[in-house]
>>> print(open('run39.cif').read())   # mmCIF, C-alpha atoms
data_data
loop_
_atom_site.group_PDB
_atom_site.id
_atom_site.type_symbol
_atom_site.label_atom_id
_atom_site.label_comp_id
_atom_site.auth_asym_id
_atom_site.auth_seq_id
_atom_site.Cartn_x
_atom_site.Cartn_y
_atom_site.Cartn_z
ATOM 1 C CA MET R 1332 -37.565 42.120 126.663
ATOM 2 C CA THR R 1333 -34.796 41.154 124.218
ATOM 3 C CA ALA R 1334 -34.732 37.482 123.229
ATOM 4 C CA ARG R 1335 -31.396 35.774 123.675
ATOM 5 C CA LYS R 1336 -29.572 34.503 120.594
ATOM 6 C CA ILE R 1337 -27.073 31.666 120.315
ATOM 7 C CA GLN R 1338 -23.591 32.913 121.139
ATOM 8 C CA GLN R 1339 -21.681 29.629 120.904
ATOM 9 C CA VAL R 1340 -22.582 26.111 119.806
ATOM 10 C CA ILE R 1341 -20.745 23.334 121.628
ATOM 11 C CA PRO R 1342 -21.193 19.937 119.952
ATOM 12 C CA GLY R 1343 -21.261 16.870 122.162
ATOM 13 C CA LEU R 1344 -18.270 14.630 121.473
ATOM 14 C CA PRO R 1345 -17.706 10.957 122.390
ATOM 15 C CA ALA R 1346 -15.563 10.494 125.499
ATOM 16 C CA SER R 1347 -15.076 8.122 128.412
ATOM 17 C CA ASP R 1348 -14.550 8.605 132.131
ATOM 18 C CA GLY R 1349 -14.458 6.659 135.355
ATOM 19 C CA ALA R 1350 -13.529 3.043 134.648
ATOM 20 C CA GLY R 1351 -14.376 3.398 130.970
ATOM 21 C CA VAL R 1352 -17.972 4.630 130.986
ATOM 22 C CA LYS R 1353 -18.892 5.818 127.495
ATOM 23 C CA LEU R 1354 -20.466 9.256 127.356
ATOM 24 C CA ILE R 1355 -20.954 12.406 125.306
ATOM 25 C CA ARG R 1356 -19.142 15.483 126.620
ATOM 26 C CA SER R 1357 -20.382 18.938 125.721
ATOM 27 C CA LEU R 1358 -19.263 21.539 128.237
ATOM 28 C CA GLY R 1359 -15.744 20.932 129.501
ATOM 29 C CA GLY R 1360 -14.255 19.210 126.467
ATOM 30 C CA ALA R 1361 -11.632 21.983 126.487
ATOM 31 C CA ASN R 1362 -10.881 25.013 128.661
ATOM 32 C CA HIS R 1363 -12.622 27.391 126.239
ATOM 33 C CA LEU R 1364 -15.742 25.197 126.190
ATOM 34 C CA ARG R 1365 -17.135 26.282 129.535
ATOM 35 C CA ALA R 1366 -19.962 28.627 130.438
ATOM 36 C CA ASP R 1367 -19.219 30.299 133.796
ATOM 37 C CA PRO R 1368 -20.051 28.855 136.304
ATOM 38 C CA PHE R 1369 -20.753 25.598 134.411
ATOM 39 C CA LEU R 1370 -17.564 23.592 134.026
ATOM 40 C CA MET R 1371 -18.681 20.341 132.417
ATOM 41 C CA LEU R 1372 -21.747 18.497 131.157
ATOM 42 C CA ASP R 1373 -21.605 14.798 130.357
ATOM 43 C CA ALA R 1374 -24.510 12.819 128.915
ATOM 44 C CA PHE R 1375 -24.574 9.035 129.053
ATOM 45 C CA SER R 1376 -27.079 6.685 127.454
ATOM 46 C CA SER R 1377 -26.694 3.022 126.617
ATOM 47 C CA GLU R 1378 -28.474 -0.307 126.829
ATOM 48 C CA ASN R 1379 -25.129 -2.115 126.514
ATOM 49 C CA PRO R 1380 -23.789 -2.851 130.012
ATOM 50 C CA ASP R 1381 -20.228 -2.871 128.638
ATOM 51 C CA ASP R 1382 -20.640 0.891 128.180
ATOM 52 C CA TYR R 1383 -21.450 1.611 131.841
ATOM 53 C CA VAL R 1384 -21.167 -1.357 134.200
ATOM 54 C CA ALA R 1385 -17.609 -0.493 135.372
ATOM 55 C CA GLY R 1386 -18.990 2.791 136.730
ATOM 56 C CA PHE R 1387 -17.046 5.454 138.579
ATOM 57 C CA PRO R 1388 -14.937 3.843 141.337
ATOM 58 C CA SER R 1389 -13.625 5.923 144.262
ATOM 59 C CA HIS R 1390 -12.113 9.221 143.150
ATOM 60 C CA PRO R 1391 -11.514 12.658 144.716
ATOM 61 C CA HIS R 1392 -12.964 16.121 144.087
ATOM 62 C CA ARG R 1393 -12.276 19.599 145.410
ATOM 63 C CA GLY R 1394 -13.598 23.071 144.646
ATOM 64 C CA PHE R 1395 -16.951 22.606 142.871
ATOM 65 C CA GLU R 1396 -20.354 20.902 142.876
ATOM 66 C CA THR R 1397 -21.464 17.823 140.954
ATOM 67 C CA VAL R 1398 -25.068 17.208 139.935
ATOM 68 C CA THR R 1399 -26.000 13.704 138.764
ATOM 69 C CA TYR R 1400 -29.443 13.454 137.128
ATOM 70 C CA LEU R 1401 -30.574 9.963 136.196
ATOM 71 C CA LEU R 1402 -33.276 9.475 133.567
ATOM 72 C CA ASP R 1403 -33.082 5.676 133.485
ATOM 73 C CA GLY R 1404 -31.229 3.164 135.620
ATOM 74 C CA HIS R 1405 -29.897 2.885 139.168
ATOM 75 C CA LEU R 1406 -26.637 4.211 140.670
ATOM 76 C CA LEU R 1407 -25.269 3.834 144.194
ATOM 77 C CA HIS R 1408 -23.260 6.695 145.700
ATOM 78 C CA GLU R 1409 -20.847 6.141 148.582
ATOM 79 C CA ASP R 1410 -18.269 8.536 150.033
ATOM 80 C CA HIS R 1411 -15.579 8.770 152.701
ATOM 81 C CA LEU R 1412 -17.988 10.533 155.070
ATOM 82 C CA GLY R 1413 -20.051 7.362 155.331
ATOM 83 C CA ASN R 1414 -22.846 8.662 153.124
ATOM 84 C CA ARG R 1415 -24.609 6.078 151.000
ATOM 85 C CA GLY R 1416 -27.487 6.864 148.673
ATOM 86 C CA ASN R 1417 -29.341 5.498 145.684
ATOM 87 C CA ILE R 1418 -30.004 7.500 142.554
ATOM 88 C CA LYS R 1419 -32.895 5.966 140.634
ATOM 89 C CA ALA R 1420 -34.789 6.926 137.485
ATOM 90 C CA GLY R 1421 -35.853 10.574 137.671
ATOM 91 C CA GLY R 1422 -33.722 11.264 140.741
ATOM 92 C CA VAL R 1423 -30.814 13.614 141.386
ATOM 93 C CA GLN R 1424 -27.779 13.735 143.603
ATOM 94 C CA TRP R 1425 -26.485 17.233 144.347
ATOM 95 C CA MET R 1426 -23.022 17.126 145.886
ATOM 96 C CA SER R 1427 -20.717 19.924 147.000
ATOM 97 C CA ALA R 1428 -17.146 18.642 147.064
ATOM 98 C CA GLY R 1429 -15.973 21.719 148.942
ATOM 99 C CA ARG R 1430 -12.514 21.234 150.433
ATOM 100 C CA GLY R 1431 -12.536 17.573 149.516
ATOM 101 C CA ILE R 1432 -14.477 14.374 149.103
ATOM 102 C CA ILE R 1433 -13.688 10.881 147.880
ATOM 103 C CA HIS R 1434 -16.700 9.105 146.442
ATOM 104 C CA SER R 1435 -17.881 6.482 143.990
ATOM 105 C CA GLU R 1436 -20.916 6.145 141.741
ATOM 106 C CA MET R 1437 -21.533 2.542 140.737
ATOM 107 C CA PRO R 1438 -24.314 1.021 138.596
ATOM 108 C CA GLN R 1439 -26.707 -1.287 140.435
ATOM 109 C CA GLN R 1440 -27.766 -3.128 137.285
ATOM 110 C CA GLU R 1441 -26.170 -5.545 134.856
ATOM 111 C CA ASN R 1442 -28.523 -4.901 131.957
ATOM 112 C CA GLY R 1443 -31.094 -2.374 130.753
ATOM 113 C CA ARG R 1444 -30.701 1.261 129.860
ATOM 114 C CA MET R 1445 -28.543 3.631 131.872
ATOM 115 C CA ARG R 1446 -29.204 7.237 130.879
ATOM 116 C CA GLY R 1447 -28.552 10.582 132.495
ATOM 117 C CA PHE R 1448 -26.226 13.521 132.982
ATOM 118 C CA GLN R 1449 -23.483 14.792 135.217
ATOM 119 C CA LEU R 1450 -23.047 18.548 135.540
ATOM 120 C CA TRP R 1451 -20.148 20.320 137.269
ATOM 121 C CA ILE R 1452 -20.843 23.773 138.746
ATOM 122 C CA ASN R 1453 -17.951 25.904 139.940
ATOM 123 C CA LEU R 1454 -17.779 27.398 143.440
ATOM 124 C CA PRO R 1455 -16.450 30.902 144.175
ATOM 125 C CA ALA R 1456 -13.067 31.120 145.893
ATOM 126 C CA ARG R 1457 -14.631 31.863 149.285
ATOM 127 C CA GLU R 1458 -16.533 28.529 149.197
ATOM 128 C CA LYS R 1459 -14.000 26.172 147.668
ATOM 129 C CA MET R 1460 -12.702 25.012 151.052
ATOM 130 C CA LYS R 1461 -16.048 24.634 152.822
ATOM 131 C CA PRO R 1462 -17.011 21.210 154.230
ATOM 132 C CA ALA R 1463 -18.245 18.661 151.718
ATOM 133 C CA SER R 1464 -21.964 17.856 151.641
ATOM 134 C CA TYR R 1465 -24.500 16.069 149.465
ATOM 135 C CA ARG R 1466 -28.209 15.554 149.014
ATOM 136 C CA ASP R 1467 -30.174 12.748 147.394
ATOM 137 C CA ILE R 1468 -33.324 14.003 145.668
ATOM 138 C CA GLN R 1469 -35.899 11.385 144.700
ATOM 139 C CA ALA R 1470 -38.027 11.753 141.576
ATOM 140 C CA GLU R 1471 -41.163 12.490 143.589
ATOM 141 C CA GLU R 1472 -39.452 15.477 145.236
ATOM 142 C CA ILE R 1473 -38.957 17.249 141.900
ATOM 143 C CA PRO R 1474 -41.950 19.423 140.963
ATOM 144 C CA VAL R 1475 -43.347 19.351 137.427
ATOM 145 C CA VAL R 1476 -45.014 22.386 135.850
ATOM 146 C CA GLU R 1477 -47.155 22.130 132.712
ATOM 147 C CA ARG R 1478 -47.665 25.291 130.683
ATOM 148 C CA ASP R 1479 -48.798 25.834 127.097
ATOM 149 C CA GLY R 1480 -47.920 22.289 126.123
ATOM 150 C CA ALA R 1481 -44.523 22.342 127.823
ATOM 151 C CA LYS R 1482 -43.720 19.976 130.668
ATOM 152 C CA VAL R 1483 -40.980 21.335 132.930
ATOM 153 C CA LYS R 1484 -39.230 19.361 135.677
ATOM 154 C CA VAL R 1485 -37.861 21.968 138.080
ATOM 155 C CA ILE R 1486 -34.753 20.369 139.555
ATOM 156 C CA ALA R 1487 -33.237 23.653 140.719
ATOM 157 C CA GLY R 1488 -34.185 27.307 140.730
ATOM 158 C CA VAL R 1489 -37.665 28.768 140.322
ATOM 159 C CA PHE R 1490 -39.893 28.327 137.284
ATOM 160 C CA GLU R 1491 -42.968 30.526 137.261
ATOM 161 C CA LYS R 1492 -43.735 30.491 140.995
ATOM 162 C CA THR R 1493 -42.643 26.901 141.551
ATOM 163 C CA SER R 1494 -39.435 26.327 143.502
ATOM 164 C CA GLY R 1495 -37.271 23.389 142.547
ATOM 165 C CA ALA R 1496 -35.750 20.822 144.864
ATOM 166 C CA VAL R 1497 -32.628 23.051 145.123
ATOM 167 C CA THR R 1498 -32.798 26.839 145.382
ATOM 168 C CA GLY R 1499 -30.436 29.678 146.210
ATOM 169 C CA GLY R 1500 -26.688 29.404 146.683
ATOM 170 C CA SER R 1501 -23.961 31.730 145.517
ATOM 171 C CA THR R 1502 -24.647 31.125 141.811
ATOM 172 C CA ASP R 1503 -28.425 30.608 142.242
ATOM 173 C CA PRO R 1504 -28.552 27.850 139.585
ATOM 174 C CA ALA R 1505 -31.597 26.842 137.587
ATOM 175 C CA TYR R 1506 -31.758 23.302 136.195
ATOM 176 C CA TRP R 1507 -34.880 22.468 134.188
ATOM 177 C CA ASP R 1508 -35.756 19.429 132.087
ATOM 178 C CA VAL R 1509 -38.193 20.656 129.429
ATOM 179 C CA ALA R 1510 -40.320 18.462 127.139
ATOM 180 C CA LEU R 1511 -42.054 20.121 124.167
ATOM 181 C CA PRO R 1512 -44.443 18.691 121.565
ATOM 182 C CA SER R 1513 -43.607 19.240 117.901
ATOM 183 C CA ASP R 1514 -43.484 22.843 116.718
ATOM 184 C CA ARG R 1515 -44.464 24.205 120.139
ATOM 185 C CA GLY R 1516 -42.600 27.021 121.863
ATOM 186 C CA PHE R 1517 -41.101 27.596 125.294
ATOM 187 C CA SER R 1518 -40.450 31.109 126.595
ATOM 188 C CA GLN R 1519 -39.146 32.237 129.956
ATOM 189 C CA GLU R 1520 -37.555 35.386 131.322
ATOM 190 C CA ILE R 1521 -33.998 34.771 132.590
ATOM 191 C CA LYS R 1522 -31.927 37.862 133.296
ATOM 192 C CA ASP R 1523 -28.362 38.407 134.518
ATOM 193 C CA LYS R 1524 -27.377 34.748 134.273
ATOM 194 C CA THR R 1525 -25.381 32.506 131.996
ATOM 195 C CA VAL R 1526 -27.821 30.339 130.016
ATOM 196 C CA TYR R 1527 -27.003 27.033 128.343
ATOM 197 C CA ILE R 1528 -29.461 24.895 126.342
ATOM 198 C CA TYR R 1529 -28.857 21.206 125.678
ATOM 199 C CA PRO R 1530 -31.323 19.170 123.547
ATOM 200 C CA PHE R 1531 -31.047 15.441 124.256
ATOM 201 C CA GLU R 1532 -34.127 14.300 122.347
ATOM 202 C CA GLY R 1533 -35.127 15.839 119.031
ATOM 203 C CA SER R 1534 -34.049 19.279 117.845
ATOM 204 C CA VAL R 1535 -34.841 22.861 118.784
ATOM 205 C CA GLU R 1536 -34.665 26.281 117.156
ATOM 206 C CA ILE R 1537 -33.431 29.409 118.892
ATOM 207 C CA ALA R 1538 -33.569 32.781 117.094
ATOM 208 C CA GLY R 1539 -33.562 31.108 113.691
ATOM 209 C CA ARG R 1540 -30.739 28.640 114.419
ATOM 210 C CA VAL R 1541 -31.311 24.907 114.781
ATOM 211 C CA LEU R 1542 -29.691 22.811 117.501
ATOM 212 C CA LYS R 1543 -29.626 19.078 116.838
ATOM 213 C CA THR R 1544 -29.562 16.384 119.510
ATOM 214 C CA HIS R 1545 -26.466 16.729 121.746
ATOM 215 C CA GLN R 1546 -25.569 20.157 120.323
ATOM 216 C CA GLY R 1547 -25.419 22.506 123.298
ATOM 217 C CA ALA R 1548 -25.608 26.273 123.040
ATOM 218 C CA VAL R 1549 -24.458 29.147 125.220
ATOM 219 C CA LEU R 1550 -26.903 32.011 124.768
ATOM 220 C CA GLY R 1551 -25.910 35.633 124.434
ATOM 221 C CA PRO R 1552 -27.201 38.604 126.421
ATOM 222 C CA GLY R 1553 -30.886 39.400 126.728
ATOM 223 C CA GLY R 1554 -33.802 38.890 129.040
ATOM 224 C CA THR R 1555 -35.891 36.105 127.516
ATOM 225 C CA VAL R 1556 -35.123 32.544 126.497
ATOM 226 C CA LYS R 1557 -37.253 31.370 123.558
ATOM 227 C CA VAL R 1558 -36.997 27.798 122.279
ATOM 228 C CA THR R 1559 -39.139 26.063 119.628
ATOM 229 C CA ALA R 1560 -39.267 22.289 119.237
ATOM 230 C CA GLY R 1561 -38.620 20.660 115.888
ATOM 231 C CA ALA R 1562 -41.073 18.578 113.871
ATOM 232 C CA ASN R 1563 -40.583 15.530 116.098
ATOM 233 C CA GLY R 1564 -40.782 17.377 119.389
ATOM 234 C CA ALA R 1565 -37.895 17.908 121.768
ATOM 235 C CA ARG R 1566 -36.594 17.427 125.254
ATOM 236 C CA PHE R 1567 -33.828 19.675 126.484
ATOM 237 C CA LEU R 1568 -32.031 20.959 129.554
ATOM 238 C CA VAL R 1569 -32.102 24.628 130.520
ATOM 239 C CA LEU R 1570 -29.132 25.499 132.727
ATOM 240 C CA ALA R 1571 -28.794 29.017 134.105
ATOM 241 C CA ALA R 1572 -26.685 30.554 136.881
ATOM 242 C CA LYS R 1573 -24.921 33.707 137.970
ATOM 243 C CA PRO R 1574 -21.381 33.847 136.588
ATOM 244 C CA ILE R 1575 -18.557 33.914 139.136
ATOM 245 C CA GLY R 1576 -15.998 35.804 137.062
ATOM 246 C CA GLU R 1577 -12.910 34.304 138.721
ATOM 247 C CA PRO R 1578 -9.895 32.470 137.240
ATOM 248 C CA VAL R 1579 -10.429 28.740 136.732
ATOM 249 C CA VAL R 1580 -7.511 26.346 137.056
ATOM 250 C CA GLN R 1581 -8.441 22.694 136.661
ATOM 251 C CA TYR R 1582 -6.439 19.529 137.058
ATOM 252 C CA GLY R 1583 -8.697 16.524 136.590
ATOM 253 C CA PRO R 1584 -11.045 16.343 139.593
ATOM 254 C CA PHE R 1585 -9.704 19.510 141.247
ATOM 255 C CA VAL R 1586 -10.945 22.995 140.278
ATOM 256 C CA MET R 1587 -9.330 25.966 141.994
ATOM 257 C CA ASN R 1588 -8.298 29.549 141.214
ATOM 258 C CA THR R 1589 -4.498 29.225 141.025
ATOM 259 C CA ARG R 1590 -1.874 26.663 140.072
ATOM 260 C CA GLU R 1591 -0.544 26.790 143.623
ATOM 261 C CA GLU R 1592 -3.965 25.769 144.977
ATOM 262 C CA ILE R 1593 -4.064 22.848 142.538
ATOM 263 C CA GLU R 1594 -0.635 21.700 143.664
ATOM 264 C CA GLN R 1595 -1.819 21.915 147.273
ATOM 265 C CA ALA R 1596 -4.912 19.853 146.409
ATOM 266 C CA ILE R 1597 -2.706 17.138 144.906
ATOM 267 C CA ARG R 1598 -0.455 17.108 147.973
ATOM 268 C CA ASP R 1599 -3.498 16.996 150.259
ATOM 269 C CA TYR R 1600 -4.926 14.057 148.358
ATOM 270 C CA GLN R 1601 -1.661 12.165 148.423
ATOM 271 C CA SER R 1602 -1.195 12.790 152.165
ATOM 272 C CA GLY R 1603 -4.814 12.152 153.134
ATOM 273 C CA ALA R 1604 -5.358 15.769 154.220
ATOM 274 C CA LEU R 1605 -7.913 16.356 151.447
ATOM 275 C CA THR R 1606 -10.631 14.712 153.502
ATOM 276 C CA GLN R 1607 -9.621 15.971 156.937
ATOM 277 C CA ALA R 1608 -11.879 18.620 158.465
#
>>> encode(input="run39.cif", output="structure tokens")
Amino acid sequence: MTARKIQQVIPGLPASDGAGVKLIRSLGGANHLRADPFLMLDAFSSENPDDYVAGFPSHPHRGFETVTYLLDGHLLHEDHLGNRGNIKAGGVQWMSAGRGIIHSEMPQQENGRMRGFQLWINLPAREKMKPASYRDIQAEEIPVVERDGAKVKVIAGVFEKTSGAVTGGSTDPAYWDVALPSDRGFSQEIKDKTVYIYPFEGSVEIAGRVLKTHQGAVLGPGGTVKVTAGANGARFLVLAAKPIGEPVVQYGPFVMNTREEIEQAIRDYQSGALTQA
């Protein structure tokens, strides 16, 4: 089975979103910095409340899914459907905006470290206007697999024979948080999917190329993903999913297939139709 090589390195760059939350944006910093169906990946990590306390007040989405994975801290999600849920350390919120949702994600702490990620996953055209939905996944619901020194949190997809908290769907995403001791290797067969690797602690090597902390990489074709931790060990995300292969037109929080659909999303938001069933 051919090992995948790095096809594109996408460095994480400082950015801000919401009401001024400081973060590092890898995927999604520009239109050419996507990896179908992954639209955006933001990492946030700070012990300074000024960097995160303003949070993400109410804002709309249409046409894709958001996945918030919290390593440290406490966020409260609320939306126009009346849903209210807490995301705590190790937990995940998996939300499908579908035809439209208005929600907020606000810190429930005034000090301490807030650290985690938000991933945007595109939806195919046939699903962009489906009803919005979401799921809170607590840390204890996420299985952990230990193999050859690697510790793998299986948030989504299947690792070995262990199913994650989320499985299936049109893009059949895998979302794994992998911790490796120094100089140890991780190998897993992943075929027919886009694969993106994002080290957030330490460095890794893939096919002779080193990725430093917050340097993401889109892998090229092949059947096996092989990653080796650097001298100080590593912790990294493995994101994999079936590509959609459709046009992507994005305007802020709306992701559709045509400009006309974006214009309709804006009109729907302004008129209140975005959130009407």
>>> closest_residue(input="run39.cif", among="R:Pro1552, R:Pro1342, R:Gly1576, R:Gly1421", to="R:Glu1471", atoms="all atoms listed in the file")
R:Gly1421
>>> closest_residue(input="run39.cif", among="R:Met1332, R:Leu1344, R:Ala1374, R:Met1460", to="R:Thr1606", atoms="only C-alpha atoms")
R:Met1460
>>> resolve_selection(input="run39.cif", expression="the PyMOL selection byres ((chain R and resi 1364) around 12)", output="PyMOL selection string")
chain R and resi 1339-1344+1356-1363+1365-1372+1527+1547-1549
>>> resolve_selection(input="run39.cif", expression="the PyMOL selection byres ((chain R and resi 1430) around 10)", output="list in words")
His1392, Arg1393, Gly1394, Phe1395, Ser1427, Ala1428, Gly1429, Gly1431, Ile1432, Glu1458, Lys1459, Met1460, Lys1461, Pro1462, Ala1463, Phe1585, Ala1596, Asp1599, Ala1604, Leu1605, Thr1606, Gln1607 and Ala1608 of chain R
>>> write_last_selection(input="run39.cif", atoms="C-alpha atoms", output="compact mmCIF listing (two decimals), in the coordinates of the input")
# COMPACT_ATOMS: atom_id res chain seq x y z
CA HIS R 1392 -12.96 16.12 144.09
CA ARG R 1393 -12.28 19.60 145.41
CA GLY R 1394 -13.60 23.07 144.65
CA PHE R 1395 -16.95 22.61 142.87
CA SER R 1427 -20.72 19.92 147.00
CA ALA R 1428 -17.15 18.64 147.06
CA GLY R 1429 -15.97 21.72 148.94
CA GLY R 1431 -12.54 17.57 149.52
CA ILE R 1432 -14.48 14.37 149.10
CA GLU R 1458 -16.53 28.53 149.20
CA LYS R 1459 -14.00 26.17 147.67
CA MET R 1460 -12.70 25.01 151.05
CA LYS R 1461 -16.05 24.63 152.82
CA PRO R 1462 -17.01 21.21 154.23
CA ALA R 1463 -18.24 18.66 151.72
CA PHE R 1585 -9.70 19.51 141.25
CA ALA R 1596 -4.91 19.85 146.41
CA ASP R 1599 -3.50 17.00 150.26
CA ALA R 1604 -5.36 15.77 154.22
CA LEU R 1605 -7.91 16.36 151.45
CA THR R 1606 -10.63 14.71 153.50
CA GLN R 1607 -9.62 15.97 156.94
CA ALA R 1608 -11.88 18.62 158.46
>>> closest_residue(input="run39.cif", among="R:Val1558, R:Val1384, R:Ile1575, R:Ala1481", to="R:Ser1534", atoms="all atoms listed in the file")
R:Val1558
>>> resolve_selection(input="run39.cif", expression="the PyMOL selection byres ((chain R and resi 1379) around 10)", output="MDAnalysis selection string")
chainID R and resid 1376:1378 1380:1384 1441:1445
>>> decode(input="run39.cif", residues="stretch 1382-1408 of chain R", atoms="N, CA and C atoms", output="compact mmCIF listing (two decimals), in the first residue's frame")
# COMPACT_ATOMS: atom_id res chain seq x y z
N ASP R 1382 -8.10 37.41 25.24
CA ASP R 1382 -8.01 36.77 23.93
C ASP R 1382 -9.28 35.99 23.57
N TYR R 1383 -10.14 35.68 24.57
CA TYR R 1383 -11.27 34.81 24.27
C TYR R 1383 -12.59 35.17 24.94
N VAL R 1384 -12.57 36.02 25.97
CA VAL R 1384 -13.75 36.17 26.81
C VAL R 1384 -14.95 36.76 26.04
N ALA R 1385 -14.70 37.54 24.98
CA ALA R 1385 -15.82 38.12 24.22
C ALA R 1385 -16.56 37.08 23.41
N GLY R 1386 -15.92 35.94 23.14
CA GLY R 1386 -16.59 34.80 22.52
C GLY R 1386 -17.13 35.04 21.12
N PHE R 1387 -18.15 34.24 20.80
CA PHE R 1387 -18.78 34.28 19.48
C PHE R 1387 -20.27 34.55 19.67
N PRO R 1388 -20.67 35.83 19.75
CA PRO R 1388 -22.08 36.16 19.92
C PRO R 1388 -22.92 35.66 18.75
N SER R 1389 -24.24 35.79 18.85
CA SER R 1389 -25.16 35.23 17.85
C SER R 1389 -24.77 35.61 16.42
N HIS R 1390 -24.71 34.57 15.58
CA HIS R 1390 -24.36 34.75 14.18
C HIS R 1390 -24.98 33.62 13.37
N PRO R 1391 -25.20 33.83 12.07
CA PRO R 1391 -25.87 32.82 11.25
C PRO R 1391 -24.90 31.89 10.53
N HIS R 1392 -25.43 30.75 10.08
CA HIS R 1392 -24.70 29.83 9.19
C HIS R 1392 -25.70 29.21 8.23
N ARG R 1393 -25.22 28.83 7.06
CA ARG R 1393 -26.01 28.00 6.14
C ARG R 1393 -25.05 27.20 5.26
N GLY R 1394 -25.40 25.91 5.04
CA GLY R 1394 -24.75 25.14 3.99
C GLY R 1394 -23.60 24.24 4.37
N PHE R 1395 -23.28 24.11 5.69
CA PHE R 1395 -22.14 23.27 6.06
C PHE R 1395 -22.29 22.85 7.52
N GLU R 1396 -21.30 22.08 8.00
CA GLU R 1396 -21.28 21.63 9.39
C GLU R 1396 -20.14 22.30 10.14
N THR R 1397 -20.35 22.56 11.42
CA THR R 1397 -19.27 23.05 12.28
C THR R 1397 -19.01 22.03 13.37
N VAL R 1398 -17.73 21.82 13.66
CA VAL R 1398 -17.33 20.88 14.71
C VAL R 1398 -16.43 21.64 15.68
N THR R 1399 -16.89 21.83 16.91
CA THR R 1399 -16.11 22.50 17.94
C THR R 1399 -15.59 21.46 18.92
N TYR R 1400 -14.26 21.37 19.03
CA TYR R 1400 -13.60 20.40 19.90
C TYR R 1400 -12.81 21.18 20.94
N LEU R 1401 -13.16 21.02 22.19
CA LEU R 1401 -12.55 21.80 23.26
C LEU R 1401 -11.58 20.93 24.06
N LEU R 1402 -10.32 21.36 24.10
CA LEU R 1402 -9.31 20.65 24.87
C LEU R 1402 -9.29 21.13 26.33
N ASP R 1403 -9.43 22.44 26.50
CA ASP R 1403 -9.46 23.04 27.83
C ASP R 1403 -10.48 24.16 27.84
N GLY R 1404 -11.20 24.30 28.95
CA GLY R 1404 -12.13 25.40 29.08
C GLY R 1404 -13.59 24.97 29.09
N HIS R 1405 -14.48 25.95 28.89
CA HIS R 1405 -15.92 25.71 28.99
C HIS R 1405 -16.64 26.73 28.11
N LEU R 1406 -17.41 26.24 27.13
CA LEU R 1406 -18.20 27.08 26.23
C LEU R 1406 -19.67 26.71 26.37
N LEU R 1407 -20.54 27.70 26.22
CA LEU R 1407 -21.98 27.47 26.20
C LEU R 1407 -22.51 27.78 24.81
N HIS R 1408 -23.21 26.81 24.23
CA HIS R 1408 -23.85 26.98 22.92
C HIS R 1408 -25.34 27.22 23.11
